[in-house]
file structure34.txt (compact mmCIF, C-alpha atoms and all ligand atoms)
# COMPACT_ATOMS: atom_id res chain seq x y z
CA MET A 1 73.19 -67.84 -40.04
CA THR A 2 72.38 -71.26 -38.65
CA GLU A 3 69.47 -73.35 -39.80
CA ASN A 4 67.42 -72.31 -36.78
CA SER A 5 68.13 -68.59 -36.73
CA PRO A 6 65.23 -66.24 -37.51
CA ARG A 7 64.73 -65.57 -41.19
CA TYR A 8 61.87 -63.08 -40.97
CA ASP A 9 61.55 -59.78 -39.09
CA LEU A 10 57.96 -60.42 -38.11
CA VAL A 11 55.49 -63.29 -38.40
CA LEU A 12 51.73 -62.77 -37.99
CA THR A 13 50.64 -66.19 -36.80
CA GLY A 14 47.44 -68.16 -37.08
CA GLY A 15 45.15 -65.54 -38.60
CA GLN A 16 42.44 -65.96 -41.23
CA VAL A 17 44.32 -64.69 -44.29
CA PHE A 18 42.19 -63.31 -47.12
CA ASP A 19 42.72 -63.36 -50.85
CA ALA A 20 42.02 -59.83 -52.05
CA ASP A 21 40.59 -60.86 -55.42
CA THR A 22 38.26 -63.68 -54.42
CA GLY A 23 37.66 -62.90 -50.74
CA ALA A 24 38.45 -66.56 -49.93
CA SER A 25 40.41 -67.15 -46.73
CA ARG A 26 42.54 -69.77 -45.00
CA VAL A 27 44.38 -69.97 -41.70
CA ALA A 28 48.07 -69.24 -42.29
CA ASP A 29 51.08 -67.31 -41.04
CA VAL A 30 52.30 -64.17 -42.82
CA ALA A 31 56.05 -63.50 -42.65
CA ILE A 32 57.44 -60.01 -43.22
CA THR A 33 61.03 -59.06 -43.97
CA GLY A 34 61.83 -55.38 -44.38
CA ASP A 35 59.08 -53.77 -46.41
CA LYS A 36 58.01 -56.98 -48.18
CA VAL A 37 55.80 -59.99 -47.55
CA ALA A 38 58.35 -62.81 -47.55
CA ARG A 39 56.11 -65.84 -47.20
CA ILE A 40 52.50 -66.89 -46.54
CA ALA A 41 52.30 -70.47 -45.26
CA PRO A 42 51.56 -72.49 -42.14
CA ASP A 43 54.05 -72.85 -39.29
CA LEU A 44 56.43 -69.94 -39.86
CA ALA A 45 56.50 -68.75 -36.23
CA ALA A 46 59.83 -70.35 -35.36
CA ALA A 47 61.54 -68.38 -38.11
CA GLY A 48 60.39 -64.97 -36.89
CA THR A 49 62.47 -62.52 -34.87
CA GLU A 50 59.13 -61.23 -33.58
CA THR A 51 55.70 -62.85 -33.73
CA ILE A 52 52.19 -61.51 -33.22
CA ASP A 53 49.42 -63.98 -32.44
CA CYS A 54 46.55 -63.31 -34.87
CA THR A 55 44.46 -66.33 -33.95
CA GLY A 56 40.79 -65.57 -34.52
CA ARG A 57 41.68 -62.36 -36.40
CA TYR A 58 41.15 -61.34 -40.02
CA VAL A 59 44.41 -60.70 -41.88
CA LEU A 60 43.84 -58.43 -44.88
CA PRO A 61 45.90 -56.42 -47.32
CA GLY A 62 46.20 -52.86 -46.00
CA LEU A 63 42.81 -51.23 -46.60
CA VAL A 64 42.30 -48.82 -49.51
CA GLU A 65 39.72 -46.04 -49.08
CA GLY A 66 38.16 -44.93 -52.36
CA HIS A 67 36.25 -41.86 -51.17
CA THR A 68 37.18 -39.49 -48.40
CA HIS A 69 37.88 -35.81 -47.74
CA ILE A 70 41.35 -34.96 -46.48
CA PHE A 71 42.20 -31.33 -47.08
CA ALA A 72 42.21 -30.15 -43.49
CA GLU A 73 42.76 -26.46 -42.77
CA VAL A 74 42.15 -25.30 -46.35
CA SER A 75 38.73 -26.92 -46.77
CA LYS A 76 36.21 -26.99 -43.95
CA VAL A 77 35.46 -30.52 -45.13
CA GLY A 78 38.88 -32.13 -44.76
CA ALA A 79 39.88 -34.50 -41.97
CA PRO A 80 43.56 -35.19 -41.12
CA PRO A 81 44.75 -38.09 -43.32
CA ASP A 82 47.06 -40.11 -41.08
CA GLU A 83 45.01 -39.58 -37.94
CA ALA A 84 41.61 -40.33 -39.50
CA HIS A 85 42.71 -43.11 -41.85
CA LEU A 86 46.16 -44.65 -41.48
CA ARG A 87 45.83 -45.14 -37.74
CA ARG A 88 42.50 -46.87 -38.39
CA GLY A 89 43.87 -49.42 -40.85
CA VAL A 90 43.77 -47.58 -44.20
CA VAL A 91 47.14 -47.47 -46.01
CA ALA A 92 46.02 -45.60 -49.15
CA ALA A 93 43.13 -43.23 -49.74
CA CYS A 94 41.52 -41.07 -52.39
CA ASP A 95 40.40 -37.54 -51.73
CA ALA A 96 37.14 -37.31 -53.66
CA GLY A 97 36.76 -33.78 -54.91
CA THR A 98 37.76 -31.65 -51.94
CA VAL A 99 40.52 -30.25 -54.13
CA GLY A 100 40.07 -28.24 -57.34
CA ALA A 101 42.65 -27.06 -59.84
CA SER A 102 43.08 -23.73 -58.03
CA THR A 103 43.78 -25.36 -54.66
CA PHE A 104 45.74 -28.41 -55.88
CA ALA A 105 49.19 -26.93 -55.21
CA ALA A 106 48.29 -26.38 -51.55
CA PHE A 107 46.92 -29.93 -51.27
CA GLU A 108 50.11 -31.33 -52.75
CA SER A 109 52.48 -29.30 -50.56
CA TYR A 110 50.66 -29.29 -47.25
CA VAL A 111 48.66 -32.53 -47.24
CA ALA A 112 49.53 -35.16 -49.83
CA ALA A 113 53.32 -34.97 -49.92
CA PRO A 114 53.88 -34.85 -46.13
CA ALA A 115 51.34 -37.59 -45.30
CA GLN A 116 52.57 -41.03 -44.39
CA ILE A 117 49.50 -42.64 -45.97
CA ARG A 118 49.58 -42.91 -49.81
CA LEU A 119 47.15 -40.32 -51.14
CA VAL A 120 45.64 -39.88 -54.58
CA ASN A 121 42.73 -37.70 -55.59
CA PHE A 122 39.74 -37.27 -57.84
CA LEU A 123 40.03 -33.62 -58.76
CA ASN A 124 36.85 -31.57 -58.44
CA VAL A 125 35.80 -30.32 -61.88
CA SER A 126 35.22 -26.90 -60.27
CA VAL A 127 38.51 -25.09 -59.83
CA LEU A 128 37.32 -24.12 -56.33
CA GLY A 129 36.98 -27.67 -55.07
CA LEU A 130 34.84 -28.30 -52.03
CA ILE A 131 35.90 -25.53 -49.68
CA ASP A 132 32.68 -25.14 -47.73
CA PHE A 133 29.49 -27.24 -47.86
CA ARG A 134 27.30 -24.16 -47.56
CA PHE A 135 28.19 -22.91 -51.03
CA GLY A 136 27.80 -25.19 -54.04
CA GLU A 137 31.06 -25.15 -55.96
CA LEU A 138 29.29 -25.19 -59.35
CA MET A 139 26.51 -22.69 -58.69
CA ASN A 140 28.63 -20.43 -60.84
CA PRO A 141 29.16 -22.71 -63.87
CA ASP A 142 32.18 -20.65 -64.93
CA THR A 143 34.15 -22.35 -62.14
CA LEU A 144 34.31 -25.45 -64.36
CA VAL A 145 37.46 -24.66 -66.35
CA PRO A 146 38.38 -27.84 -68.26
CA GLU A 147 41.80 -26.61 -69.34
CA ASP A 148 42.82 -25.91 -65.73
CA ALA A 149 41.63 -29.33 -64.52
CA LEU A 150 43.35 -31.06 -67.45
CA ALA A 151 46.62 -29.22 -66.87
CA VAL A 152 46.70 -30.27 -63.20
CA ALA A 153 45.84 -33.88 -64.06
CA GLU A 154 48.47 -34.10 -66.77
CA ALA A 155 51.18 -32.54 -64.62
CA ASN A 156 50.41 -34.79 -61.62
CA PRO A 157 49.74 -38.35 -62.78
CA HIS A 158 51.14 -39.68 -59.50
CA ARG A 159 48.30 -37.98 -57.66
CA VAL A 160 45.28 -37.30 -59.91
CA ARG A 161 43.43 -40.51 -60.76
CA GLY A 162 40.03 -39.16 -61.78
CA PHE A 163 37.58 -36.28 -61.55
CA LYS A 164 34.61 -35.60 -59.31
CA ILE A 165 31.35 -33.76 -59.81
CA ARG A 166 28.71 -33.33 -57.14
CA LEU A 167 25.42 -33.42 -58.96
CA SER A 168 23.05 -32.42 -56.16
CA GLU A 169 20.72 -29.56 -56.91
CA ASP A 170 22.31 -27.34 -54.25
CA VAL A 171 25.66 -27.69 -56.04
CA VAL A 172 24.70 -27.49 -59.73
CA GLY A 173 21.30 -25.81 -59.69
CA HIS A 174 19.23 -26.80 -62.72
CA ASN A 175 22.26 -26.64 -64.95
CA TRP A 176 23.28 -30.24 -64.32
CA ARG A 177 23.31 -31.70 -67.81
CA PRO A 178 25.75 -29.31 -69.53
CA LEU A 179 28.00 -29.42 -66.46
CA LEU A 180 27.97 -33.23 -66.48
CA LYS A 181 28.65 -33.38 -70.21
CA ARG A 182 31.59 -30.97 -69.94
CA SER A 183 32.95 -33.01 -67.03
CA LEU A 184 32.66 -36.24 -68.99
CA SER A 185 34.47 -34.82 -72.00
CA LEU A 186 37.23 -33.48 -69.76
CA ALA A 187 37.57 -36.90 -68.11
CA ALA A 188 37.60 -38.59 -71.52
CA GLU A 189 40.35 -36.27 -72.71
CA ALA A 190 42.45 -37.13 -69.64
CA GLY A 191 41.63 -40.83 -69.97
CA LEU A 192 40.37 -40.93 -66.37
CA PRO A 193 37.08 -41.88 -64.64
CA LEU A 194 34.49 -39.41 -63.41
CA MET A 195 32.94 -39.89 -59.98
CA VAL A 196 29.38 -38.56 -59.75
CA HIS A 197 27.87 -37.75 -56.36
CA ILE A 198 24.12 -38.44 -56.37
CA GLY A 199 21.30 -37.77 -53.91
CA GLU A 200 18.95 -34.87 -54.57
CA THR A 201 19.98 -34.70 -58.21
CA PRO A 202 17.67 -32.49 -60.26
CA GLU A 203 16.38 -35.52 -62.21
CA PRO A 204 15.95 -39.25 -61.48
CA LEU A 205 19.02 -41.49 -61.46
CA PRO A 206 18.40 -43.30 -64.80
CA THR A 207 18.68 -39.94 -66.58
CA VAL A 208 22.13 -39.46 -65.03
CA LEU A 209 23.22 -43.08 -65.63
CA ASP A 210 22.43 -42.72 -69.33
CA GLU A 211 25.29 -40.23 -69.63
CA LEU A 212 28.01 -42.27 -67.90
CA ARG A 213 30.78 -44.31 -69.49
CA PRO A 214 32.17 -47.69 -68.38
CA GLY A 215 34.54 -47.04 -65.46
CA ASP A 216 32.70 -43.96 -64.23
CA VAL A 217 31.55 -44.14 -60.62
CA ILE A 218 28.29 -43.40 -58.82
CA ALA A 219 29.03 -42.20 -55.27
CA HIS A 220 26.52 -42.83 -52.47
CA CYS A 221 24.70 -45.76 -54.08
CA TYR A 222 22.68 -46.35 -50.89
CA THR A 223 21.62 -42.74 -50.39
CA GLY A 224 18.21 -42.27 -48.82
CA LYS A 225 17.78 -38.88 -50.47
CA PRO A 226 15.46 -38.48 -53.46
CA TYR A 227 16.51 -40.09 -56.74
CA GLY A 228 18.51 -43.03 -55.44
CA ILE A 229 18.71 -46.61 -56.77
CA LEU A 230 15.31 -47.88 -55.50
CA ARG A 231 11.77 -47.47 -56.72
CA ASP A 232 9.07 -48.87 -54.42
CA GLY A 233 11.76 -50.79 -52.54
CA THR A 234 13.22 -52.47 -55.63
CA VAL A 235 16.55 -51.74 -57.33
CA LEU A 236 15.84 -50.01 -60.64
CA PRO A 237 16.46 -52.08 -63.79
CA GLU A 238 18.41 -49.10 -65.18
CA VAL A 239 20.87 -49.49 -62.28
CA TYR A 240 21.57 -53.12 -63.19
CA ALA A 241 21.88 -52.11 -66.85
CA ALA A 242 24.44 -49.43 -65.97
CA ARG A 243 26.44 -51.95 -63.93
CA GLU A 244 26.29 -54.33 -66.88
CA ARG A 245 27.88 -51.60 -69.03
CA GLY A 246 30.70 -51.15 -66.50
CA VAL A 247 29.48 -48.19 -64.42
CA LEU A 248 30.71 -48.65 -60.83
CA PHE A 249 28.77 -48.00 -57.61
CA GLU A 250 30.39 -47.09 -54.28
CA SER A 251 28.70 -46.94 -50.91
CA ALA A 252 30.17 -43.67 -49.47
CA HIS A 253 28.39 -43.40 -46.14
CA GLY A 254 29.06 -39.72 -45.53
CA LYS A 255 27.23 -37.51 -43.11
CA SER A 256 24.04 -37.64 -45.12
CA ASN A 257 24.23 -40.44 -47.67
CA LEU A 258 23.91 -43.97 -46.30
CA SER A 259 20.43 -45.15 -45.47
CA PHE A 260 20.01 -48.58 -43.88
CA LYS A 261 16.50 -48.55 -45.36
CA VAL A 262 18.00 -48.45 -48.85
CA ALA A 263 21.09 -50.58 -48.24
CA LYS A 264 19.25 -53.48 -46.59
CA PRO A 265 16.76 -54.26 -49.38
CA ALA A 266 19.41 -53.59 -52.04
CA ILE A 267 21.82 -56.05 -50.41
CA GLU A 268 18.98 -58.58 -49.99
CA GLN A 269 18.26 -58.20 -53.69
CA GLY A 270 21.94 -58.87 -54.42
CA PHE A 271 22.90 -55.33 -55.35
CA LEU A 272 26.26 -54.93 -53.58
CA PRO A 273 28.54 -51.90 -53.96
CA ASP A 274 31.53 -52.40 -56.27
CA VAL A 275 33.66 -50.47 -53.79
CA ILE A 276 32.97 -49.91 -50.08
CA THR A 277 33.92 -46.40 -48.97
CA SER A 278 33.33 -44.26 -45.91
CA ASP A 279 33.20 -40.69 -47.29
CA THR A 280 34.89 -39.60 -44.09
CA SER A 281 35.18 -35.84 -43.66
CA ALA A 282 35.73 -33.22 -40.99
CA ARG A 283 31.97 -33.34 -40.38
CA ASN A 284 31.80 -37.05 -39.60
CA TRP A 285 35.12 -38.70 -38.69
CA ARG A 286 34.21 -38.43 -35.01
CA GLY A 287 30.76 -39.80 -35.88
CA PRO A 288 28.44 -40.86 -37.36
CA VAL A 289 30.75 -42.24 -40.08
CA PHE A 290 34.00 -42.63 -38.09
CA ASP A 291 36.13 -44.60 -40.56
CA LEU A 292 36.27 -47.30 -43.22
CA VAL A 293 36.20 -50.22 -40.78
CA THR A 294 32.95 -48.84 -39.36
CA SER A 295 31.50 -48.73 -42.88
CA MET A 296 32.58 -52.35 -43.32
CA SER A 297 30.92 -53.21 -40.00
CA ASN A 298 27.69 -51.53 -41.12
CA LEU A 299 27.52 -53.48 -44.35
CA ARG A 300 28.35 -56.76 -42.60
CA ALA A 301 25.49 -56.16 -40.17
CA LEU A 302 23.24 -55.48 -43.18
CA GLY A 303 24.04 -58.89 -44.64
CA MET A 304 27.33 -58.80 -46.54
CA THR A 305 29.90 -61.48 -45.71
CA MET A 306 33.61 -60.88 -45.04
CA GLU A 307 34.26 -62.76 -48.28
CA GLN A 308 32.18 -60.14 -50.11
CA ILE A 309 33.54 -57.19 -48.13
CA VAL A 310 37.30 -57.79 -48.37
CA PRO A 311 37.77 -57.39 -52.17
CA ARG A 312 35.66 -54.22 -52.02
CA VAL A 313 38.03 -52.50 -49.59
CA THR A 314 41.27 -53.81 -51.12
CA SER A 315 41.62 -55.01 -54.72
CA ALA A 316 38.59 -53.16 -56.15
CA PRO A 317 39.48 -49.66 -54.88
CA ALA A 318 43.16 -50.26 -55.72
CA ARG A 319 42.17 -50.96 -59.34
CA LEU A 320 39.82 -47.97 -59.46
CA LEU A 321 42.58 -45.66 -58.20
CA GLY A 322 45.38 -47.17 -60.27
CA LEU A 323 47.15 -48.19 -57.07
CA ASP A 324 47.21 -51.90 -57.89
CA ALA A 325 50.32 -51.24 -59.99
CA GLU A 326 52.07 -50.07 -56.79
CA GLY A 327 51.12 -53.26 -54.99
CA TYR A 328 48.22 -51.84 -52.97
CA GLY A 329 45.13 -53.94 -52.42
CA SER A 330 46.82 -57.34 -52.42
CA LEU A 331 48.67 -59.51 -49.94
CA VAL A 332 51.11 -61.73 -51.80
CA GLU A 333 54.60 -63.14 -51.35
CA GLY A 334 57.09 -60.62 -52.71
CA GLY A 335 54.57 -57.78 -52.54
CA PRO A 336 54.74 -54.75 -50.26
CA ALA A 337 54.00 -55.43 -46.60
CA HIS A 338 50.82 -53.40 -46.29
CA VAL A 339 48.73 -55.41 -43.83
CA THR A 340 45.66 -54.67 -41.71
CA VAL A 341 44.67 -57.17 -39.01
CA LEU A 342 41.07 -56.79 -37.85
CA ALA A 343 39.33 -58.24 -34.82
CA ASP A 344 35.66 -58.52 -33.96
CA ALA A 345 35.17 -55.96 -31.21
CA GLU A 346 32.18 -55.40 -28.97
CA GLU A 347 28.72 -54.90 -30.43
CA ALA A 348 27.86 -51.25 -30.91
CA ILE A 349 24.80 -49.32 -31.98
CA LEU A 350 25.79 -47.84 -35.31
CA PRO A 351 23.91 -44.96 -36.94
CA ASP A 352 23.22 -44.36 -40.62
CA ALA A 353 22.91 -40.91 -42.17
CA ALA A 354 19.17 -40.68 -41.68
CA GLY A 355 18.94 -41.19 -37.93
CA ASN A 356 18.28 -44.96 -38.06
CA THR A 357 20.41 -47.19 -35.86
CA MET A 358 21.37 -50.86 -35.88
CA PRO A 359 23.37 -53.16 -33.59
CA ALA A 360 26.57 -54.34 -35.26
CA VAL A 361 29.65 -56.28 -34.19
CA ARG A 362 32.35 -53.73 -34.92
CA LEU A 363 35.54 -54.54 -36.76
CA GLU A 364 38.57 -53.03 -35.07
CA PRO A 365 42.13 -52.69 -36.46
CA GLU A 366 44.65 -54.35 -34.15
CA VAL A 367 47.77 -54.41 -36.28
CA VAL A 368 48.54 -52.04 -39.15
CA LEU A 369 51.68 -52.35 -41.26
CA ARG A 370 52.58 -49.86 -43.97
CA ALA A 371 55.53 -51.06 -46.04
CA GLY A 372 56.51 -53.25 -43.09
CA GLU A 373 56.41 -50.38 -40.60
CA ARG A 374 54.14 -50.85 -37.60
CA ILE A 375 51.64 -48.00 -37.34
CA ALA A 376 50.24 -47.07 -33.93
CA THR A 377 46.47 -47.54 -34.06
CA VAL A 378 43.97 -45.35 -32.22
CA PRO A 379 40.75 -46.59 -30.57
CA TRP A 380 37.38 -46.25 -32.24
CA ARG A 381 36.17 -42.68 -31.86
CA GLY A 382 32.68 -43.80 -30.90
CA LEU A 383 33.85 -45.09 -27.53
CA PRO A 384 33.09 -43.06 -24.40
CA ALA A 385 36.02 -40.83 -23.43
CA ASP A 386 36.87 -42.87 -20.32
CA ALA A 387 36.79 -46.25 -22.13
ZN ZN B 401 32.24 -37.18 -50.43
call {"tool": "encode", "arguments": {"input": "structure34.txt", "output": "structure tokens"}}
result
Amino acid sequence: MTENSPRYDLVLTGGQVFDADTGASRVADVAITGDKVARIAPDLAAAGTETIDCTGRYVLPGLVEGHTHIFAEVSKVGAPPDEAHLRRGVVAACDAGTVGASTFAAFESYVAAPAQIRLVNFLNVSVLGLIDFRFGELMNPDTLVPEDALAVAEANPHRVRGFKIRLSEDVVGHNWRPLLKRSLSLAAEAGLPLMVHIGETPEPLPTVLDELRPGDVIAHCYTGKPYGILRDGTVLPEVYAARERGVLFESAHGKSNLSFKVAKPAIEQGFLPDVITSDTSARNWRGPVFDLVTSMSNLRALGMTMEQIVPRVTSAPARLLGLDAEGYGSLVEGGPAHVTVLADAEEAILPDAAGNTMPAVRLEPEVVLRAGERIATVPWRGLPADA
């Protein structure tokens, strides 16, 4: 090899490269060799076998989705993982409660193991999981079988990173408190977090927050349904107190759980989600939710900066899911080459879950690398068919 011969397989040149922990950015080149990030520095283009001009683009660690539903063909709720996520810039994702102990083996064999994207899950505390939205999985409380959930979690540490309970009245009836307590003790025994879906809970949010431990997660923090985080337009003091104790809040748009009328004042008051998630499912991945980059675009249009957004779709979800130890959620020399390059696309009218709309400059994935491999992206699913 002569002094001038290429030293890197690929160099992404001139992009705005983000630090996943701080959200700070600088213009630099990112050089990839094999499945690793070889170097991040200015002026590396001449040493690349191939270069991609990323001028004016945002260069991020591969995105990590903390809340989605990906159990297609067994659950009516599941969207296809690689198609809905990987090809839209997400390199690792968490299925949030579609799967229960009785359906886990099918999820492992037919979805998680074959997928190209790295999948983990928060196991539904009901052995049934979320098979069909029409029938609450805990209406029969006997479906919460702690020993079954524990056995699956203990046998599958590579996959199970927490538990999920949906606490809406149409899932738990009025029986919410004993079900939540049993879920929390099961999660404590496994040493894992519990994710709690709110919106139409039988009692106001502070009553639920009182029960949660540091590291547990509130899903749908900007829900417009009854018993969310606001009272008379102001974020509840109990919500700040829970955050102070270490309870986490994730945005989880979902088909029915992001309200711009809640998110906007909350963001103005400085209450940002700890983790930004899409809650993509079979019901919404072709709209109104679409994907994680659309959720990022929504929150940017509501006032969050890229500096605030980037850690919440990279390092924060990677830590929550225990994927930081595998190198997800960061972009560093010597680390795995998971990279998502985003561009500002055309302005679109984006909907929330309550029928409100808002103009937003959409973020669009242009380059996606998973362990150095270039992934073919697909266009935003909100575009007209002939676009
Ligand atoms: Zn969900």
call {"tool": "closest_residue", "arguments": {"input": "structure34.txt", "among": "A:Val247, A:Leu383, A:Ala190, A:Ala31", "to": "Val332 in chain A", "atoms": "all atoms listed in the file"}}
result
A:Ala31
call {"tool": "residues_around", "arguments": {"input": "structure34.txt", "residues": "range 334-343 of chain A", "least_positions_apart": "4", "cutoff": "10 Å", "atoms": "all atoms listed in the file", "output": "VMD selection string"}}
result
chain A and resid 12 15 to 17 30 to 40 54 to 63 88 to 92 293 326 to 330 361 to 375
call {"tool": "residues_near_ligand", "arguments": {"input": "structure34.txt", "ligand": "ligand ZN 401 (chain B)", "cutoff": "9 Å", "atoms": "all atoms listed in the file", "output": "number ranges by chain"}}
result
A: 67-69, 95-98, 166, 197, 219-220, 252-255, 278-281
call {"tool": "closest_residue", "arguments": {"input": "structure34.txt", "among": "A:Ala353, A:Cys94, A:Leu186, A:Val11", "to": "Thr277 in chain A", "atoms": "only C-alpha atoms"}}
result
A:Cys94
call {"tool": "closest_residue", "arguments": {"input": "structure34.txt", "among": "A:Glu268, A:Glu250, A:Asp170, A:Glu238", "to": "Gly66 in chain A", "atoms": "all atoms listed in the file"}}
result
A:Glu250
call {"tool": "closest_residue", "arguments": {"input": "structure34.txt", "among": "A:Asn140, A:Arg286, A:Val111, A:Ile267", "to": "Ala385 in chain A", "atoms": "all atoms listed in the file"}}
result
A:Arg286
call {"tool": "decode", "arguments": {"input": "structure34.txt", "residues": "range 87-106 of chain A", "atoms": "N, CA, C and O atoms", "output": "PDB file, in the first residue's frame"}}
result
ATOM      1  N   ARG A  87     -35.231   0.362   7.078  1.00  0.00           N
ATOM      2  CA  ARG A  87     -35.131   1.089   5.810  1.00  0.00           C
ATOM      3  C   ARG A  87     -35.553   2.543   5.947  1.00  0.00           C
ATOM      4  O   ARG A  87     -35.518   3.302   4.974  1.00  0.00           O
ATOM      5  N   ARG A  88     -35.911   2.934   7.177  1.00  0.00           N
ATOM      6  CA  ARG A  88     -36.182   4.340   7.492  1.00  0.00           C
ATOM      7  C   ARG A  88     -35.201   4.862   8.549  1.00  0.00           C
ATOM      8  O   ARG A  88     -35.509   5.802   9.283  1.00  0.00           O
ATOM      9  N   GLY A  89     -34.044   4.219   8.664  1.00  0.00           N
ATOM     10  CA  GLY A  89     -32.969   4.804   9.461  1.00  0.00           C
ATOM     11  C   GLY A  89     -32.791   4.264  10.868  1.00  0.00           C
ATOM     12  O   GLY A  89     -31.924   4.727  11.602  1.00  0.00           O
ATOM     13  N   VAL A  90     -33.614   3.289  11.264  1.00  0.00           N
ATOM     14  CA  VAL A  90     -33.552   2.754  12.638  1.00  0.00           C
ATOM     15  C   VAL A  90     -32.780   1.434  12.606  1.00  0.00           C
ATOM     16  O   VAL A  90     -33.172   0.503  11.907  1.00  0.00           O
ATOM     17  N   VAL A  91     -31.686   1.347  13.365  1.00  0.00           N
ATOM     18  CA  VAL A  91     -30.855   0.133  13.311  1.00  0.00           C
ATOM     19  C   VAL A  91     -31.146  -0.835  14.449  1.00  0.00           C
ATOM     20  O   VAL A  91     -30.722  -1.992  14.398  1.00  0.00           O
ATOM     21  N   ALA A  92     -31.842  -0.355  15.492  1.00  0.00           N
ATOM     22  CA  ALA A  92     -32.221  -1.241  16.601  1.00  0.00           C
ATOM     23  C   ALA A  92     -33.548  -0.748  17.148  1.00  0.00           C
ATOM     24  O   ALA A  92     -33.796   0.460  17.197  1.00  0.00           O
ATOM     25  N   ALA A  93     -34.408  -1.690  17.558  1.00  0.00           N
ATOM     26  CA  ALA A  93     -35.740  -1.292  18.009  1.00  0.00           C
ATOM     27  C   ALA A  93     -36.242  -2.232  19.083  1.00  0.00           C
ATOM     28  O   ALA A  93     -35.837  -3.389  19.168  1.00  0.00           O
ATOM     29  N   CYS A  94     -37.163  -1.695  19.880  1.00  0.00           N
ATOM     30  CA  CYS A  94     -37.763  -2.460  20.979  1.00  0.00           C
ATOM     31  C   CYS A  94     -39.244  -2.678  20.707  1.00  0.00           C
ATOM     32  O   CYS A  94     -40.001  -1.709  20.566  1.00  0.00           O
ATOM     33  N   ASP A  95     -39.652  -3.926  20.656  1.00  0.00           N
ATOM     34  CA  ASP A  95     -41.070  -4.211  20.624  1.00  0.00           C
ATOM     35  C   ASP A  95     -41.629  -4.014  22.029  1.00  0.00           C
ATOM     36  O   ASP A  95     -41.191  -4.651  22.978  1.00  0.00           O
ATOM     37  N   ALA A  96     -42.603  -3.131  22.146  1.00  0.00           N
ATOM     38  CA  ALA A  96     -43.114  -2.740  23.466  1.00  0.00           C
ATOM     39  C   ALA A  96     -44.427  -3.446  23.762  1.00  0.00           C
ATOM     40  O   ALA A  96     -45.512  -2.890  23.608  1.00  0.00           O
ATOM     41  N   GLY A  97     -44.326  -4.696  24.145  1.00  0.00           N
ATOM     42  CA  GLY A  97     -45.487  -5.394  24.691  1.00  0.00           C
ATOM     43  C   GLY A  97     -46.415  -6.059  23.698  1.00  0.00           C
ATOM     44  O   GLY A  97     -47.499  -6.489  24.076  1.00  0.00           O
ATOM     45  N   THR A  98     -46.005  -6.172  22.434  1.00  0.00           N
ATOM     46  CA  THR A  98     -46.856  -6.938  21.519  1.00  0.00           C
ATOM     47  C   THR A  98     -46.803  -8.421  21.876  1.00  0.00           C
ATOM     48  O   THR A  98     -47.745  -9.162  21.647  1.00  0.00           O
ATOM     49  N   VAL A  99     -45.656  -8.802  22.472  1.00  0.00           N
ATOM     50  CA  VAL A  99     -45.368 -10.211  22.712  1.00  0.00           C
ATOM     51  C   VAL A  99     -45.566 -10.532  24.192  1.00  0.00           C
ATOM     52  O   VAL A  99     -45.089  -9.797  25.060  1.00  0.00           O
ATOM     53  N   GLY A 100     -46.248 -11.629  24.495  1.00  0.00           N
ATOM     54  CA  GLY A 100     -46.348 -12.129  25.867  1.00  0.00           C
ATOM     55  C   GLY A 100     -45.623 -13.456  25.986  1.00  0.00           C
ATOM     56  O   GLY A 100     -45.146 -14.015  24.981  1.00  0.00           O
ATOM     57  N   ALA A 101     -45.549 -13.966  27.197  1.00  0.00           N
ATOM     58  CA  ALA A 101     -44.777 -15.199  27.418  1.00  0.00           C
ATOM     59  C   ALA A 101     -45.259 -16.339  26.527  1.00  0.00           C
ATOM     60  O   ALA A 101     -44.457 -17.140  26.040  1.00  0.00           O
ATOM     61  N   SER A 102     -46.581 -16.407  26.273  1.00  0.00           N
ATOM     62  CA  SER A 102     -47.100 -17.537  25.491  1.00  0.00           C
ATOM     63  C   SER A 102     -46.831 -17.401  23.997  1.00  0.00           C
ATOM     64  O   SER A 102     -46.944 -18.381  23.260  1.00  0.00           O
ATOM     65  N   THR A 103     -46.498 -16.203  23.543  1.00  0.00           N
ATOM     66  CA  THR A 103     -46.231 -16.021  22.108  1.00  0.00           C
ATOM     67  C   THR A 103     -44.759 -15.715  21.842  1.00  0.00           C
ATOM     68  O   THR A 103     -44.363 -15.503  20.699  1.00  0.00           O
ATOM     69  N   PHE A 104     -43.938 -15.697  22.903  1.00  0.00           N
ATOM     70  CA  PHE A 104     -42.539 -15.283  22.727  1.00  0.00           C
ATOM     71  C   PHE A 104     -41.779 -16.185  21.754  1.00  0.00           C
ATOM     72  O   PHE A 104     -40.985 -15.701  20.935  1.00  0.00           O
ATOM     73  N   ALA A 105     -42.010 -17.498  21.841  1.00  0.00           N
ATOM     74  CA  ALA A 105     -41.235 -18.419  20.988  1.00  0.00           C
ATOM     75  C   ALA A 105     -41.478 -18.109  19.511  1.00  0.00           C
ATOM     76  O   ALA A 105     -40.547 -18.165  18.697  1.00  0.00           O
ATOM     77  N   ALA A 106     -42.725 -17.771  19.170  1.00  0.00           N
ATOM     78  CA  ALA A 106     -43.026 -17.432  17.774  1.00  0.00           C
ATOM     79  C   ALA A 106     -42.346 -16.132  17.375  1.00  0.00           C
ATOM     80  O   ALA A 106     -41.795 -16.002  16.278  1.00  0.00           O
TER      81      ALA A 106
END
